[in-house]
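J.: Quick one: structure below, then a few questions.
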Amino acid sequence: MGGIILGIESTAHTFSFGRVSTDGELFPSFSSLFRPEEGGIHPREAADHHSETTSQLLDRLSSSENFTWDSIVAIAFSQGPGLGPCLRVGASVARTLATRLSVPLLGVNHCVAHIEVGRNQTGCIDPVLLYVSGGNTQVIARSDGRYRVLGETLDIGIGNMLDKFARSQGIPFPGGPEIERLALAHPSMGIKCLDSVSLPYGVHGMDMAFSGMLTSATQKLSEGHSLEQLCWSLQEHSFATCVEVAERALAHTGKSELLLGGGVACNERLREMSNLMCEERGAKCHWPDKSYCVDNGTMIAELGRRMLECGIETEIMDSAIDPTLRTDNTEVLWD
Ligand code: AMP
Ligand code: MG
């Protein structure tokens with residue numbers, strides 16, 4: 001095997017090391033997910049988790065098949081956006097490894113990495129990305145040398161909304177997969193059921209909002225509706241919101257591929273709704289394997305690879321983290 005690029009992801013709950021070969025072959029990541037004992041994710045506690053799991057993850061990486069430290073040609077890390085204390089752990093590990101191995105360092109835009117790993121894995125070329133994760137919800141498309149945000153959440157990320165609703169019912173983080181399971185257990189699916197558990201709709205022009213539907217769903221529970229019914233209704237409303245904005249983005253840009261990314265893209269119902277919308281307008285819907293939808297080091301390595309191909313490197317003095325980095329801050333020089 002030729003050289004490999006190592007990618008380090010640490011924007012929020014997940015600390016992960018992944019790799020890609022210089023010719024674009026993706027390898028599974030070694031990850032550890034911070035699960036708070038109670039409440040939401042406290043940035044300092046998540047950062048402590050990342051520090052404490054570093055050596056164990058590096059051990060797993062270095063004893064994996066065909067891995068050698070001297071095959072590493074660059075170290076990529078998530079420079080932003082994300083939680084400051086968490087980003088700092090990943091950046092420190094990346095600087096240490098790059099210096100120790102004498103290889104280039106690459107500061108990567110986490111949101112753009114979701115697009116590039118999806119493009120690599122699915123073979124789509126110029127998609128609209130529906131990026132649905134814990135902290136981020138954006139509809140993105142490439143135009144004029146950048147990935148532009150065409151629409152985004154005005155309040156909380158869709159995954160965060162699902163996690164908060166789950167937490168209010170005693171379901172631990174991450175709540176999304178359990179909400180999916182409960183929604184499937186709802187006995188009478190069909191559009192008519194929405195009448196009895198209708199929630200505020202989340203589309204605002206090209207933007208989205210999820211906190212209103214969260215408040216209303218919690219209220220409806222206290223009025224006696226079942227948890228299964230509300231999980232189902234929350235999914236229908238929040239996913240329809242995202243799919244509608246994604247459809248408008250396809251219409252406005254004239255693009256014919258939709259790519260799903262982010263942890264919520266693991267959801268089968270979201271995939272089904274997105275696929276249906278695409279079929280109806282002659283577009284093609286793609287999603288990567290679930291392990292590449294959730295945050296992972298491999299996607300960071302993949303964007304690092306694309307940057308390295310274009311001669312981009314990050315000097316140590318320019319490697320400070322940027323918690324508020326925007327998707328369209330990053331110039332896209334690669335194909
Ligand atoms: P990320 O921030 O991209 O790693 O994604 C994590 C988010 O994805 C969390 O909010 C999870 O609850 C959510 N998630 C993971 N799997 C599912 C699923 N099957 N359905 C809905 N949400 C999910
Ligand atoms: Mg993410």
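Note on naming: chains are A, B, ... as they come in the structure tokens, residues start from 1 per chain, ligands start from 1 in the order shown.
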List as a VMD selection string the protein and nucleic acid residues near region 70-79 of chain A, meaning an atom at most 6 Å away when only C-alpha atoms are counted, but skip any in the same chain fewer than 5 places from it.
T.: chain A and resid 3 to 9 98 103 to 108 110 301 304 321 to 322
J.: If you run DSSP on the backbone here, which positions in region 247-315 of chain A get strand (DSSP E)? Please write them as a PDB file with N, CA, C and O atoms, in the first residue's frame.
T.:
ATOM      1  N   GLU A 257     -28.406  15.390  -7.943  1.00  0.00           N
ATOM      2  CA  GLU A 257     -27.997  14.384  -6.952  1.00  0.00           C
ATOM      3  C   GLU A 257     -28.217  14.969  -5.555  1.00  0.00           C
ATOM      4  O   GLU A 257     -27.839  16.118  -5.297  1.00  0.00           O
ATOM      5  N   LEU A 258     -28.790  14.145  -4.689  1.00  0.00           N
ATOM      6  CA  LEU A 258     -28.903  14.536  -3.276  1.00  0.00           C
ATOM      7  C   LEU A 258     -28.042  13.565  -2.482  1.00  0.00           C
ATOM      8  O   LEU A 258     -28.095  12.349  -2.693  1.00  0.00           O
ATOM      9  N   LEU A 259     -27.229  14.116  -1.583  1.00  0.00           N
ATOM     10  CA  LEU A 259     -26.387  13.281  -0.722  1.00  0.00           C
ATOM     11  C   LEU A 259     -26.795  13.541   0.728  1.00  0.00           C
ATOM     12  O   LEU A 259     -26.936  14.697   1.125  1.00  0.00           O
ATOM     13  N   LEU A 260     -27.012  12.464   1.491  1.00  0.00           N
ATOM     14  CA  LEU A 260     -27.326  12.614   2.913  1.00  0.00           C
ATOM     15  C   LEU A 260     -26.045  12.439   3.714  1.00  0.00           C
ATOM     16  O   LEU A 260     -25.198  11.615   3.386  1.00  0.00           O
ATOM     17  N   GLY A 261     -25.920  13.197   4.788  1.00  0.00           N
ATOM     18  CA  GLY A 261     -24.756  13.043   5.668  1.00  0.00           C
ATOM     19  C   GLY A 261     -25.098  13.485   7.074  1.00  0.00           C
ATOM     20  O   GLY A 261     -26.114  14.158   7.298  1.00  0.00           O
ATOM     21  N   LYS A 284     -31.228  11.637  -8.160  1.00  0.00           N
ATOM     22  CA  LYS A 284     -30.746  10.401  -7.524  1.00  0.00           C
ATOM     23  C   LYS A 284     -30.336  10.710  -6.089  1.00  0.00           C
ATOM     24  O   LYS A 284     -29.665  11.698  -5.831  1.00  0.00           O
ATOM     25  N   CYS A 285     -30.753   9.836  -5.172  1.00  0.00           N
ATOM     26  CA  CYS A 285     -30.448  10.043  -3.760  1.00  0.00           C
ATOM     27  C   CYS A 285     -29.334   9.084  -3.318  1.00  0.00           C
ATOM     28  O   CYS A 285     -29.364   7.896  -3.640  1.00  0.00           O
ATOM     29  N   HIS A 286     -28.362   9.602  -2.589  1.00  0.00           N
ATOM     30  CA  HIS A 286     -27.229   8.784  -2.126  1.00  0.00           C
ATOM     31  C   HIS A 286     -27.035   8.961  -0.622  1.00  0.00           C
ATOM     32  O   HIS A 286     -27.310  10.032  -0.090  1.00  0.00           O
TER      33      HIS A 286
END
J.: Give as an NGL selection string the residues surrounding ligand 2 up to a distance of 10 Å, considering only C-alpha atoms and all ligand atoms.
T.: :A and (9-14 or 81-82 or 110-114 or 131-137 or 261-264 or 292-296 or 299)
J.: Which residue, A:Arg269, A:Arg60, A:Arg44, A:Arg326, has the smallest gap to ligand 1 when you use only C-alpha atoms and all ligand atoms?
T.: A:Arg269
J.: One number please: CA of Lys220 (chain A) to CA of Gln138 (chain A), in Å, one decimal.
T.: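 We find that CA of Lys220 (chain A) and CA of Gln138 (chain A) lie 27.6 Å from each other.
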J.: To one decimal place in Å, what is the distance between CA of Pro85 (chain A) and CA of Gly159 (chain A)?
T.: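 Going from CA of Pro85 (chain A) over to CA of Gly159 (chain A) covers 20.8 Å.
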J.: Can you list, as a list in words, every protein, DNA or RNA residue that comes within 9 Å of region 214-219 of chain A when you count only C-alpha atoms, leaving out same-chain residues fewer than 5 positions away?
T.: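 Returned residues: Met161, Leu162, Lys164, Phe165, Ser168, Val197, Ser198, Leu199, Pro200, Leu230, Cys231, Ser233 and Leu234 of chain A.
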J.: Keeping N, CA, C and O atoms, export the residues of the selection given above as a compact mmCIF listing (two decimals), in the first residue's frame.
T.:
# COMPACT_ATOMS: atom_id res chain seq x y z
N MET A 161 -32.42 18.12 18.64
CA MET A 161 -33.85 18.14 18.96
C MET A 161 -34.32 16.72 19.33
O MET A 161 -35.02 16.52 20.33
N LEU A 162 -33.94 15.75 18.52
CA LEU A 162 -34.35 14.35 18.80
C LEU A 162 -33.76 13.89 20.13
O LEU A 162 -34.42 13.24 20.94
N LYS A 164 -32.88 15.73 22.68
CA LYS A 164 -33.52 16.43 23.81
C LYS A 164 -34.88 15.81 24.12
O LYS A 164 -35.24 15.64 25.29
N PHE A 165 -35.64 15.51 23.06
CA PHE A 165 -36.95 14.89 23.29
C PHE A 165 -36.76 13.53 23.98
O PHE A 165 -37.44 13.20 24.94
N SER A 168 -35.89 13.89 27.63
CA SER A 168 -37.03 14.26 28.48
C SER A 168 -37.85 13.03 28.84
O SER A 168 -38.64 13.05 29.78
N VAL A 197 -51.77 14.42 15.97
CA VAL A 197 -50.50 14.84 16.60
C VAL A 197 -49.73 15.78 15.68
O VAL A 197 -48.55 15.63 15.46
N SER A 198 -50.45 16.75 15.14
CA SER A 198 -49.74 17.68 14.26
C SER A 198 -48.87 18.61 15.11
O SER A 198 -49.23 18.97 16.23
N LEU A 199 -47.72 18.99 14.57
CA LEU A 199 -46.75 19.82 15.27
C LEU A 199 -46.47 21.04 14.39
O LEU A 199 -46.75 21.01 13.19
N PRO A 200 -45.90 22.11 14.96
CA PRO A 200 -45.58 23.27 14.11
C PRO A 200 -44.62 22.85 13.00
O PRO A 200 -43.70 22.08 13.24
N LEU A 230 -45.79 10.06 19.21
CA LEU A 230 -45.06 11.33 19.10
C LEU A 230 -43.68 11.16 18.48
O LEU A 230 -43.22 12.04 17.75
N CYS A 231 -43.04 10.04 18.73
CA CYS A 231 -41.76 9.78 18.05
C CYS A 231 -41.99 9.74 16.55
O CYS A 231 -41.24 10.32 15.75
N SER A 233 -44.53 11.11 14.88
CA SER A 233 -44.92 12.43 14.39
C SER A 233 -43.70 13.38 14.32
O SER A 233 -43.56 14.14 13.36
N LEU A 234 -42.84 13.32 15.32
CA LEU A 234 -41.63 14.17 15.31
C LEU A 234 -40.77 13.85 14.09
O LEU A 234 -40.26 14.75 13.42
J.: Can you write out as JSON lines which residues of region 173-211 of chain A fall within 6 Å of region 237-252 of chain A, alongside each residue's closest atom pair and its distance in Å to one decimal, counting only C-alpha atoms and ordering rows by chain and ascending residue number?
T.:
{"residue": "A:Gly202", "atom": "CA", "partner": "A:Thr241", "partner_atom": "CA", "distance": 5.5}
{"residue": "A:Val203", "atom": "CA", "partner": "A:Thr241", "partner_atom": "CA", "distance": 5.5}
{"residue": "A:Met206", "atom": "CA", "partner": "A:Val245", "partner_atom": "CA", "distance": 5.7}
